[in-house]
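What follows is the content of run.txt (compact mmCIF, C-alpha atoms and all ligand atoms).
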# COMPACT_ATOMS: atom_id res chain seq x y z
CA MET A 180 3.48 32.94 15.75
CA ILE A 181 -0.09 34.15 16.26
CA VAL A 182 -1.34 36.05 19.29
CA VAL A 183 -5.07 35.65 19.87
CA MET A 184 -6.62 38.42 21.97
CA GLN A 185 -9.43 37.88 24.48
CA MET A 186 -13.05 38.53 23.40
CA GLY A 187 -13.63 42.26 23.62
CA ALA A 188 -9.97 43.19 24.12
CA THR A 189 -9.59 46.94 23.77
CA GLU A 190 -7.92 48.78 20.92
CA ALA A 191 -5.23 49.94 23.36
CA GLN A 192 -4.50 46.32 24.41
CA VAL A 193 -4.14 45.27 20.75
CA GLN A 194 -1.84 48.22 20.16
CA ALA A 195 0.28 47.30 23.18
CA VAL A 196 0.87 43.83 21.71
CA ALA A 197 1.67 45.28 18.29
CA ASP A 198 4.09 47.75 19.88
CA ALA A 199 5.83 44.97 21.85
CA VAL A 200 6.28 43.00 18.62
CA ARG A 201 7.67 46.06 16.83
CA ALA A 202 10.00 46.82 19.71
CA LYS A 203 11.62 43.43 19.10
CA GLY A 204 12.15 44.24 15.44
CA TYR A 205 9.26 42.31 13.84
CA GLU A 206 6.33 43.69 11.86
CA PRO A 207 2.97 42.63 13.36
CA LEU A 208 0.01 41.75 11.17
CA VAL A 209 -3.16 42.84 12.98
CA MET A 210 -6.18 40.76 11.93
CA PRO A 211 -9.48 41.94 13.43
CA GLY A 212 -12.04 39.12 13.67
CA GLU A 213 -15.58 38.72 14.93
CA GLY A 214 -15.25 39.79 18.53
CA ARG A 215 -11.60 38.73 18.68
CA THR A 216 -8.46 40.15 17.16
CA ALA A 217 -5.46 38.05 16.17
CA ILE A 218 -1.95 39.41 15.64
CA GLY A 219 0.36 37.48 13.37
CA ILE A 220 4.16 37.65 13.56
CA PRO A 221 5.32 36.32 10.18
CA ALA A 222 8.99 35.82 11.02
CA ALA A 223 11.27 32.80 11.29
CA LEU A 224 12.10 32.89 14.98
CA SER A 225 14.74 30.86 16.76
CA THR A 226 13.61 29.01 19.90
CA ASP A 227 15.18 31.69 22.10
CA GLU A 228 13.57 34.53 20.16
CA ARG A 229 10.21 32.81 20.27
CA MET A 230 10.43 32.18 24.00
CA THR A 231 11.46 35.77 24.73
CA LEU A 232 8.60 37.16 22.65
CA GLU A 233 6.13 34.73 24.21
CA SER A 234 7.15 35.76 27.67
CA ILE A 235 6.85 39.50 26.88
CA ILE A 236 3.47 39.19 25.14
CA GLY A 237 2.12 36.63 27.60
CA ARG A 238 2.30 39.26 30.36
CA LEU A 239 0.26 41.88 28.48
CA GLU A 240 -3.39 42.61 29.29
CA GLY A 241 -6.04 41.20 26.96
CA VAL A 242 -3.95 38.34 25.54
CA ASN A 243 -5.83 35.03 25.36
CA LYS A 244 -3.26 32.66 23.85
CA ILE A 245 -0.14 32.47 21.74
CA THR A 246 0.14 29.74 19.12
CA GLN A 247 2.95 28.61 16.85
CA THR A 248 2.46 28.44 13.11
CA SER A 249 5.80 26.90 12.25
CA HIS A 250 7.90 24.18 13.86
CA SER A 251 11.11 24.49 15.83
CA TYR A 252 12.43 21.61 13.71
CA LYS A 253 12.55 23.13 10.25
CA LEU A 254 14.71 20.71 8.27
CA ALA A 255 12.90 17.64 9.60
CA SER A 256 9.46 19.16 8.94
CA TRP A 257 7.47 19.36 5.73
CA GLU A 258 7.92 23.12 5.73
CA TYR A 259 10.82 23.15 3.29
CA HIS A 260 10.43 19.63 1.93
CA ARG A 261 7.62 18.59 -0.37
CA GLU A 262 8.55 14.95 -1.08
CA PRO A 263 9.11 12.15 1.44
CA THR A 264 12.80 11.38 1.95
CA VAL A 265 14.04 8.04 0.64
CA VAL A 266 17.29 7.10 2.38
CA LYS A 267 19.95 5.26 0.43
CA ALA A 268 21.94 2.73 2.44
CA GLY A 269 24.21 0.47 0.41
CA SER A 270 21.92 -0.98 -2.24
CA GLN A 271 18.83 -0.33 -0.12
CA ARG A 272 16.23 2.41 -0.45
CA ILE A 273 14.37 3.13 2.77
CA GLY A 274 11.13 5.08 2.50
CA PRO A 275 7.59 5.02 1.13
CA GLY A 276 6.73 2.23 -1.28
CA SER A 277 9.21 -0.31 -0.03
CA PHE A 278 9.35 -1.92 3.40
CA THR A 279 12.83 -2.48 4.79
CA VAL A 280 13.50 -5.12 7.40
CA MET A 281 16.75 -4.87 9.38
CA ALA A 282 17.34 -7.95 11.50
CA GLY A 283 20.06 -9.65 13.48
CA PRO A 284 21.25 -10.26 17.00
CA CYS A 285 21.36 -7.64 19.72
CA SER A 286 25.15 -8.11 19.93
CA VAL A 287 27.83 -9.39 17.63
CA GLU A 288 29.22 -12.32 19.65
CA SER A 289 31.51 -14.14 17.21
CA TYR A 290 32.08 -14.45 13.48
CA GLU A 291 30.21 -17.79 13.42
CA GLN A 292 27.22 -16.46 15.36
CA TYR A 293 26.96 -13.31 13.23
CA LEU A 294 27.32 -15.16 9.93
CA ALA A 295 24.66 -17.70 10.95
CA ALA A 296 22.32 -14.86 11.96
CA ALA A 297 22.96 -12.98 8.69
CA GLN A 298 22.34 -16.06 6.56
CA ALA A 299 19.11 -16.83 8.43
CA VAL A 300 17.68 -13.32 8.15
CA LYS A 301 18.72 -13.06 4.50
CA ARG A 302 16.97 -16.35 3.70
CA ALA A 303 13.82 -14.98 5.30
CA GLY A 304 13.98 -11.74 3.27
CA ALA A 305 15.74 -9.16 5.46
CA LYS A 306 17.90 -6.69 3.54
CA ILE A 307 20.02 -5.24 6.32
CA ILE A 308 21.95 -7.07 9.04
CA ARG A 309 21.98 -5.43 12.47
CA GLY A 310 24.17 -6.16 15.50
CA GLY A 311 25.91 -4.17 18.17
CA ALA A 312 29.69 -4.07 18.56
CA PHE A 313 29.54 -1.32 21.20
CA LYS A 314 26.71 -2.05 23.61
CA PRO A 315 25.03 0.49 25.89
CA ARG A 316 24.26 -1.71 28.91
CA THR A 317 22.50 -0.66 32.06
CA SER A 318 25.07 -2.54 34.16
CA PRO A 319 28.83 -2.22 33.67
CA TYR A 320 29.09 -5.95 34.48
CA SER A 321 26.97 -6.98 31.48
CA PHE A 322 28.53 -7.93 28.13
CA GLN A 323 29.77 -4.69 26.57
CA GLY A 324 30.26 -5.93 23.00
CA LEU A 325 33.29 -7.04 21.00
CA LYS A 326 34.04 -3.43 20.07
CA MET A 327 36.64 -3.12 17.25
CA GLU A 328 36.70 -6.88 16.69
CA GLY A 329 32.91 -6.71 16.36
CA LEU A 330 33.20 -4.00 13.69
CA GLU A 331 35.55 -6.21 11.66
CA ILE A 332 33.09 -9.11 11.90
CA ILE A 333 30.21 -6.87 10.80
CA LYS A 334 32.14 -5.71 7.74
CA GLN A 335 33.23 -9.21 6.80
CA VAL A 336 29.76 -10.74 7.18
CA SER A 337 28.15 -7.87 5.28
CA THR A 338 30.59 -8.38 2.39
CA GLU A 339 30.11 -12.15 2.38
CA THR A 340 26.30 -12.05 2.46
CA GLY A 341 25.71 -8.90 0.39
CA LEU A 342 23.50 -7.50 3.16
CA ALA A 343 23.80 -3.83 4.04
CA SER A 344 24.86 -3.30 7.65
CA ILE A 345 23.95 -1.17 10.63
CA THR A 346 25.53 -0.86 14.05
CA GLU A 347 25.41 1.52 16.98
CA VAL A 348 27.97 4.24 17.59
CA MET A 349 28.03 5.40 21.19
CA SER A 350 30.45 8.31 21.21
CA ALA A 351 31.46 11.16 18.94
CA ASP A 352 35.11 10.06 18.87
CA MET A 353 34.12 6.65 17.46
CA VAL A 354 32.01 7.93 14.55
CA GLY A 355 34.88 7.77 12.04
CA ALA A 356 35.88 4.21 12.94
CA VAL A 357 32.31 2.91 12.94
CA ALA A 358 31.45 4.72 9.69
CA GLU A 359 34.34 2.95 7.96
CA HIS A 360 32.79 -0.44 8.73
CA VAL A 361 29.04 -0.07 8.12
CA ASP A 362 26.42 1.35 5.75
CA LEU A 363 24.25 2.97 8.45
CA LEU A 364 25.11 4.53 11.80
CA GLN A 365 22.70 3.72 14.62
CA ILE A 366 22.32 6.21 17.43
CA GLY A 367 20.81 4.41 20.40
CA ALA A 368 17.87 5.49 22.51
CA ARG A 369 20.13 6.43 25.42
CA SER A 370 22.19 8.66 23.12
CA MET A 371 19.34 10.53 21.44
CA GLN A 372 20.33 13.78 23.10
CA ASN A 373 24.10 13.26 22.98
CA PHE A 374 24.49 16.41 20.91
CA PRO A 375 28.22 16.11 20.08
CA LEU A 376 27.49 12.57 18.83
CA LEU A 377 24.56 13.78 16.70
CA ILE A 378 26.73 16.50 15.18
CA GLU A 379 29.62 14.16 14.43
CA ALA A 380 27.28 11.54 12.94
CA GLY A 381 25.77 14.24 10.75
CA LYS A 382 29.23 14.96 9.33
CA SER A 383 30.12 11.31 8.68
CA GLY A 384 28.65 11.00 5.19
CA LYS A 385 26.66 7.91 6.29
CA PRO A 386 22.90 7.68 6.80
CA VAL A 387 21.93 8.03 10.43
CA PHE A 388 19.36 5.77 12.12
CA LEU A 389 18.14 7.66 15.16
CA LYS A 390 16.32 5.88 17.96
CA ARG A 391 13.79 7.75 20.09
CA GLY A 392 14.88 8.25 23.69
CA PRO A 393 12.81 6.36 26.26
CA SER A 394 11.36 9.57 27.66
CA ALA A 395 11.66 11.82 24.63
CA THR A 396 8.66 13.73 23.35
CA ILE A 397 7.98 13.72 19.62
CA GLU A 398 9.30 17.28 19.42
CA GLU A 399 12.55 16.38 21.24
CA PHE A 400 12.94 13.41 18.90
CA LEU A 401 12.54 15.60 15.81
CA LEU A 402 14.90 18.21 17.23
CA ALA A 403 17.52 15.47 17.71
CA ALA A 404 17.04 14.59 14.03
CA GLU A 405 17.37 18.31 13.28
CA TYR A 406 20.89 18.28 14.78
CA VAL A 407 21.95 15.62 12.27
CA LEU A 408 20.19 17.28 9.31
CA ASN A 409 21.71 20.62 10.26
CA GLU A 410 25.18 19.15 9.61
CA GLY A 411 24.24 18.62 5.97
CA CYS A 412 23.28 14.95 6.30
CA PRO A 413 19.98 14.48 4.40
CA ASP A 414 19.66 10.78 5.22
CA VAL A 415 18.11 10.44 8.65
CA ILE A 416 15.79 7.60 9.65
CA LEU A 417 13.57 7.88 12.73
CA CYS A 418 13.10 4.77 14.86
CA GLU A 419 10.31 4.31 17.40
CA ARG A 420 11.58 1.71 19.89
CA GLY A 421 9.29 2.07 22.88
CA ILE A 422 9.03 4.69 25.59
CA MET A 423 9.00 4.51 29.39
CA PRO A 424 6.17 2.23 30.45
CA MET A 425 3.79 2.83 33.33
CA ASP A 426 3.76 -0.93 33.96
CA ARG A 427 6.74 -3.23 33.43
CA THR A 428 4.91 -6.39 34.45
CA PHE A 429 4.33 -7.67 30.95
CA THR A 430 6.43 -5.52 28.61
CA ARG A 431 9.83 -3.83 28.84
CA ASN A 432 8.69 -0.54 27.26
CA THR A 433 5.51 0.85 25.75
CA LEU A 434 5.75 0.73 21.97
CA ASP A 435 4.25 4.03 20.85
CA LEU A 436 2.78 3.02 17.53
CA ALA A 437 0.78 6.23 17.38
CA ALA A 438 4.16 7.91 16.92
CA VAL A 439 4.30 6.43 13.40
CA PRO A 440 1.40 8.39 11.83
CA VAL A 441 2.25 11.38 14.02
CA LEU A 442 5.87 11.48 12.81
CA LYS A 443 4.74 10.93 9.23
CA SER A 444 2.41 13.90 9.50
CA LEU A 445 5.13 16.14 10.93
CA SER A 446 8.19 14.97 9.01
CA HIS A 447 9.32 13.77 5.59
CA LEU A 448 11.84 11.35 7.14
CA PRO A 449 11.35 7.57 6.98
CA VAL A 450 10.06 5.88 10.14
CA ILE A 451 11.16 2.42 11.26
CA VAL A 452 9.70 0.54 14.22
CA ASP A 453 11.72 -1.68 16.56
CA PRO A 454 9.19 -3.92 18.32
CA SER A 455 11.94 -6.04 19.93
CA HIS A 456 13.03 -3.28 22.32
CA GLY A 457 9.52 -1.84 22.15
CA VAL A 458 7.93 -4.75 23.99
CA GLY A 459 10.97 -6.72 25.17
CA VAL A 460 9.21 -10.10 24.98
CA ALA A 461 9.78 -12.35 21.94
CA LYS A 462 6.25 -13.74 21.79
CA PHE A 463 4.73 -10.25 21.51
CA VAL A 464 7.13 -9.04 18.81
CA PRO A 465 5.32 -10.44 15.72
CA ALA A 466 1.96 -8.83 16.60
CA MET A 467 3.56 -5.41 17.06
CA ALA A 468 5.69 -5.80 13.93
CA LYS A 469 2.56 -6.42 11.85
CA ALA A 470 0.75 -3.55 13.55
CA ALA A 471 3.69 -1.28 12.72
CA MET A 472 3.44 -2.11 9.03
CA ILE A 473 -0.27 -1.28 8.99
CA ALA A 474 0.37 1.90 11.01
CA GLY A 475 2.47 3.18 8.11
CA ALA A 476 6.05 2.36 9.11
CA ASP A 477 8.68 2.20 6.36
CA GLY A 478 10.25 -0.88 7.89
CA LEU A 479 11.26 -2.77 10.98
CA MET A 480 14.28 -3.49 13.11
CA ILE A 481 13.99 -6.96 14.68
CA GLU A 482 16.36 -8.89 16.93
CA VAL A 483 17.07 -12.39 15.62
CA HIS A 484 19.67 -14.84 16.97
CA PRO A 485 20.52 -18.37 15.78
CA ASP A 486 19.81 -19.50 19.36
CA PRO A 487 18.15 -16.79 21.50
CA ASN A 488 18.61 -18.87 24.67
CA GLU A 489 22.37 -18.50 24.25
CA ALA A 490 22.36 -14.78 23.37
CA LEU A 491 24.72 -12.59 25.40
CA SER A 492 22.20 -9.73 25.43
CA ASP A 493 18.43 -9.29 24.97
CA GLY A 494 17.78 -13.02 24.39
CA SER A 495 14.27 -12.82 25.88
CA GLN A 496 13.08 -10.40 23.21
CA THR A 497 14.90 -12.12 20.35
CA LEU A 498 13.24 -14.28 17.68
CA ASP A 499 14.82 -17.50 16.43
CA PRO A 500 15.20 -17.96 12.66
CA ASP A 501 11.96 -19.96 12.33
CA GLN A 502 9.92 -17.37 14.21
CA PHE A 503 11.46 -14.61 12.11
CA SER A 504 10.76 -16.45 8.89
CA ALA A 505 7.10 -16.97 9.91
CA LEU A 506 6.82 -13.26 10.67
CA MET A 507 8.24 -12.34 7.25
CA ASP A 508 5.65 -14.64 5.62
CA ASP A 509 2.88 -12.80 7.47
CA LEU A 510 4.34 -9.41 6.49
CA ARG A 511 4.36 -10.42 2.83
CA VAL A 512 0.64 -11.18 3.08
CA LEU A 513 -0.05 -7.82 4.73
CA ALA A 514 2.23 -5.69 2.54
CA PRO A 515 -0.30 -4.97 -0.24
CA PHE A 516 -2.79 -3.65 2.34
CA ALA A 517 -0.15 -1.15 3.46
CA GLN A 518 0.82 -0.28 -0.16
CA ARG A 519 4.27 -1.73 0.41
CA THR A 520 6.52 -4.16 -1.40
CA LEU A 521 8.64 -6.43 0.69
C1 LIG A 601 19.85 -2.10 20.27
O1 LIG A 601 19.37 -1.83 19.16
O2 LIG A 601 20.38 -3.19 20.53
C2 LIG A 601 19.69 -1.12 21.37
C3 LIG A 601 20.54 -1.08 22.38
O3 LIG A 601 18.59 -0.36 21.21
P1 LIG A 601 18.03 0.90 22.05
O4 LIG A 601 19.04 1.98 21.89
O5 LIG A 601 16.72 1.17 21.38
O6 LIG A 601 17.86 0.43 23.48
MN MN A 602 19.18 -5.13 22.02
As structure tokens, what does this structure read like?
Amino acid sequence: MIVVMQMGATEAQVQAVADAVRAKGYEPLVMPGEGRTAIGIPAALSTDERMTLESIIGRLEGVNKITQTSHSYKLASWEYHREPTVVKAGSQRIGPGSFTVMAGPCSVESYEQYLAAAQAVKRAGAKIIRGGAFKPRTSPYSFQGLKMEGLEIIKQVSTETGLASITEVMSADMVGAVAEHVDLLQIGARSMQNFPLLIEAGKSGKPVFLKRGPSATIEEFLLAAEYVLNEGCPDVILCERGIMPMDRTFTRNTLDLAAVPVLKSLSHLPVIVDPSHGVGVAKFVPAMAKAAMIAGADGLMIEVHPDPNEALSDGSQTLDPDQFSALMDDLRVLAPFAQRTL
């Protein structure tokens, strides 16, 4: 933390700040500058400690501003991590260099539907099959997923196709059961701040795919990742999936593609973009998927269904196998420009 004094602050005002810092048990570093003095507090402060100190110093005469020199999310930041993290999921490596596409239906609906989806996305070049067995739906009357039966289907189809698998876990008590059936645990946007779930997922031994909450700031997103990392799980993937829009006329959410370079600058964790939930309209998905690759994403999550018109959830944002295959062709053309192999 650095306290910057006002222009012409008096010696007594500088001393008062230094004394307040000392009174809290930290050693201040007084740095006189041209006209302005700065006071550094070179200590690793918890959020509570930082806020207490800020509030004490902020009330003192002659203080101009207080800035942070280190992040509240330590494990997710570059502070203690020099190399980008490459997450291992089954036979897949997710991170810089490669470009990982996870694709499949919003929901697992039947063995036949899921197998057909998996075969189609595999043919087109996807490496991971996605599909929800437990569905977080806005309405309790909407299809809620096949639950345990869905997990069995996911495992079977993953084994039969050789694709790695990912599915959402919605509650802490289900982490063990879900982890037994898949290669990656997905934590949905609505669950991003379900702290008991984050903690349990972090203990599962599986990589965790964390979706950004619809109204989460970048810092809240990284702090959610911090919960998982703090349990000793090094394999966390960040997923930008769209934030609350100011206009729902044409898109479901606002896909925050600027979050990709921002997250990359703040964190060593891989970043995946989900343009399907990000825009919510199938015909806009390919453009945003390609933009995500160029923005620096490490991969994509895309909803694909053998027949989107028959999908039990999110059909309107779902690509059919031909559309998905055309998108993968375009991504292969773009990949060299993004220094990626697909
Ligand atoms: C999903 O991936 O199907 C899903 C429900 O996503 P989100 O949590 O981003 O809404
Ligand atoms: Mn969906």
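Closest approach to A:Leu342 among A:Pro424, A:Arg309, A:Lys253, A:Tyr320 is made by A:Arg309 (distances from only C-alpha atoms).
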Closest-contact table, chain A side, partner ligand LIG 601 (chain A), 8 Å, counting all atoms listed in the file, as CSV:
residue,atom,partner,partner_atom,distance
A:Pro284,CA,A:LIG601,O2,8.0
A:Cys285,CA,A:LIG601,O2,4.6
A:Ser286,CA,A:LIG601,O2,6.9
A:Gly310,CA,A:LIG601,O2,7.0
A:Gly311,CA,A:LIG601,O2,6.1
A:Lys314,CA,A:LIG601,C3,6.4
A:Pro315,CA,A:LIG601,C3,5.9
A:Arg316,CA,A:LIG601,C3,7.5
A:Glu347,CA,A:LIG601,O1,7.2
A:Gln365,CA,A:LIG601,O1,7.9
A:Ile366,CA,A:LIG601,O4,7.0
A:Gly367,CA,A:LIG601,O4,3.4
A:Ala368,CA,A:LIG601,O4,3.8
A:Arg369,CA,A:LIG601,O4,5.8
A:Ser370,CA,A:LIG601,O4,7.5
A:Lys390,CA,A:LIG601,O5,5.8
A:Arg391,CA,A:LIG601,O5,7.3
A:Gly392,CA,A:LIG601,O5,7.7
A:Arg420,CA,A:LIG601,O5,5.4
A:Gly421,CA,A:LIG601,O5,7.6
A:Asp453,CA,A:LIG601,O5,7.5
A:His456,CA,A:LIG601,O5,5.9
A:Gly457,CA,A:LIG601,O5,7.8
A:Glu482,CA,A:LIG601,O2,7.8
A:Asp493,CA,A:LIG601,O2,7.8
Using the selection just defined, write its residues with C-alpha atoms as an mmCIF file, in the frame of the given file.
data_model
loop_
_atom_site.group_PDB
_atom_site.id
_atom_site.type_symbol
_atom_site.label_atom_id
_atom_site.label_comp_id
_atom_site.auth_asym_id
_atom_site.auth_seq_id
_atom_site.Cartn_x
_atom_site.Cartn_y
_atom_site.Cartn_z
ATOM 1 C CA PRO A 284 21.250 -10.260 17.000
ATOM 2 C CA CYS A 285 21.360 -7.640 19.720
ATOM 3 C CA SER A 286 25.150 -8.110 19.930
ATOM 4 C CA GLY A 310 24.170 -6.160 15.500
ATOM 5 C CA GLY A 311 25.910 -4.170 18.170
ATOM 6 C CA LYS A 314 26.710 -2.050 23.610
ATOM 7 C CA PRO A 315 25.030 0.490 25.890
ATOM 8 C CA ARG A 316 24.260 -1.710 28.910
ATOM 9 C CA GLU A 347 25.410 1.520 16.980
ATOM 10 C CA GLN A 365 22.700 3.720 14.620
ATOM 11 C CA ILE A 366 22.320 6.210 17.430
ATOM 12 C CA GLY A 367 20.810 4.410 20.400
ATOM 13 C CA ALA A 368 17.870 5.490 22.510
ATOM 14 C CA ARG A 369 20.130 6.430 25.420
ATOM 15 C CA SER A 370 22.190 8.660 23.120
ATOM 16 C CA LYS A 390 16.320 5.880 17.960
ATOM 17 C CA ARG A 391 13.790 7.750 20.090
ATOM 18 C CA GLY A 392 14.880 8.250 23.690
ATOM 19 C CA ARG A 420 11.580 1.710 19.890
ATOM 20 C CA GLY A 421 9.290 2.070 22.880
ATOM 21 C CA ASP A 453 11.720 -1.680 16.560
ATOM 22 C CA HIS A 456 13.030 -3.280 22.320
ATOM 23 C CA GLY A 457 9.520 -1.840 22.150
ATOM 24 C CA GLU A 482 16.360 -8.890 16.930
ATOM 25 C CA ASP A 493 18.430 -9.290 24.970
#
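Nearest residue to A:Lys244 among A:Met180, A:Val265, A:Met281, A:Val415 is A:Met180, counting all atoms listed in the file.
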Exercise: stretch 298-306 of chain A partners within 8 Å, all atoms listed in the file, chain neighbours under 4 positions left out, as an MDAnalysis selection string: chainID A and resid 271 279:283 294 340 342:343 483 485 500 503:504 507 521
Point-to-point distance in Å for atom CA of A:Gly478 and atom CA of A:Glu291: 26.7 Å
Starting from the point (8.7, 37.7, 21.6), work out which residues of protein, DNA or RNA have an atom no more than 10 Å away when counting all atoms listed in the file; state them as an mmCIF file with C-alpha atoms, in the frame of the given file.
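As written to disk, out.cif reads:
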data_model
loop_
_atom_site.group_PDB
_atom_site.id
_atom_site.type_symbol
_atom_site.label_atom_id
_atom_site.label_comp_id
_atom_site.auth_asym_id
_atom_site.auth_seq_id
_atom_site.Cartn_x
_atom_site.Cartn_y
_atom_site.Cartn_z
ATOM 1 C CA MET A 180 3.480 32.940 15.750
ATOM 2 C CA VAL A 196 0.870 43.830 21.710
ATOM 3 C CA ALA A 199 5.830 44.970 21.850
ATOM 4 C CA VAL A 200 6.280 43.000 18.620
ATOM 5 C CA ARG A 201 7.670 46.060 16.830
ATOM 6 C CA ALA A 202 10.000 46.820 19.710
ATOM 7 C CA LYS A 203 11.620 43.430 19.100
ATOM 8 C CA GLY A 204 12.150 44.240 15.440
ATOM 9 C CA TYR A 205 9.260 42.310 13.840
ATOM 10 C CA ILE A 220 4.160 37.650 13.560
ATOM 11 C CA LEU A 224 12.100 32.890 14.980
ATOM 12 C CA ASP A 227 15.180 31.690 22.100
ATOM 13 C CA GLU A 228 13.570 34.530 20.160
ATOM 14 C CA ARG A 229 10.210 32.810 20.270
ATOM 15 C CA MET A 230 10.430 32.180 24.000
ATOM 16 C CA THR A 231 11.460 35.770 24.730
ATOM 17 C CA LEU A 232 8.600 37.160 22.650
ATOM 18 C CA GLU A 233 6.130 34.730 24.210
ATOM 19 C CA SER A 234 7.150 35.760 27.670
ATOM 20 C CA ILE A 235 6.850 39.500 26.880
ATOM 21 C CA ILE A 236 3.470 39.190 25.140
ATOM 22 C CA GLY A 237 2.120 36.630 27.600
#
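Computed from the coordinates, the atom CA of A:Glu359 to atom CA of A:Tyr293 distance equals 18.6 Å.
Nearest-residue note for A:Gln502: choosing from A:His447, A:Asp477, A:Met472, A:Phe463, the minimum distance belongs to A:Phe463, counting all atoms listed in the file.
For the atom pair formed by atom CA of A:Ser350 and atom CA of A:Phe374, the distance is 10.1 Å, given to one decimal.
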Neighbour list for A:His360 as JSON, numbers by chain, cut-off 8 Å, all atoms listed in the file, skip fewer than 3 positions in-chain: {"A": [330, 331, 333, 334, 356, 357]}
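Restricting the calculation to all atoms listed in the file, the smallest distance between A:Ala404 and any of A:Ala296, A:Met423, A:Leu377, A:Met184 is found for A:Leu377.
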Nearest residue to A:Glu258 from the set A:Ala223, A:Met349, A:Asp509, A:Met480 (distances using all atoms listed in the file): A:Ala223
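Minimum distance to ligand MN 602 (chain A) across A:Ile481, A:Leu363, A:Ala358, A:Leu408 (counting only C-alpha atoms and all ligand atoms) occurs at A:Ile481.
Every protein, DNA or RNA residue with an atom at most 9 Å from A:Asp486, where only C-alpha atoms count and chain neighbours fewer than 5 positions away do not, is listed here: Gln292, Gly494, Thr497, Leu498, Asp499 and Pro500 of chain A.
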Can you pull out every residue within 9 Å of stretch 213-215 of chain A, counting all atoms listed in the file, but drop anything in the same chain fewer than 5 positions away, and send it as a PDB file with C-alpha atoms, in the frame of the given file?
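Listing of part_26.pdb after writing:
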ATOM      1  CA  VAL A 183      -5.070  35.650  19.870  1.00  0.00           C
ATOM      2  CA  MET A 184      -6.620  38.420  21.970  1.00  0.00           C
ATOM      3  CA  GLN A 185      -9.430  37.880  24.480  1.00  0.00           C
ATOM      4  CA  MET A 186     -13.050  38.530  23.400  1.00  0.00           C
ATOM      5  CA  GLY A 187     -13.630  42.260  23.620  1.00  0.00           C
ATOM      6  CA  ALA A 188      -9.970  43.190  24.120  1.00  0.00           C
TER       7      ALA A 188
END
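Within the 12 Å cut-off around A:Ala437, using only C-alpha atoms and omitting residues fewer than 6 positions from it on the same chain, the listed residues are Ile397, Glu419, Arg420, Gly421, Ile422, Lys443, Ser444, Val450, Val452, Met467, Ala470, Ala471, Ile473, Ala474, Gly475 and Ala476 of chain A.
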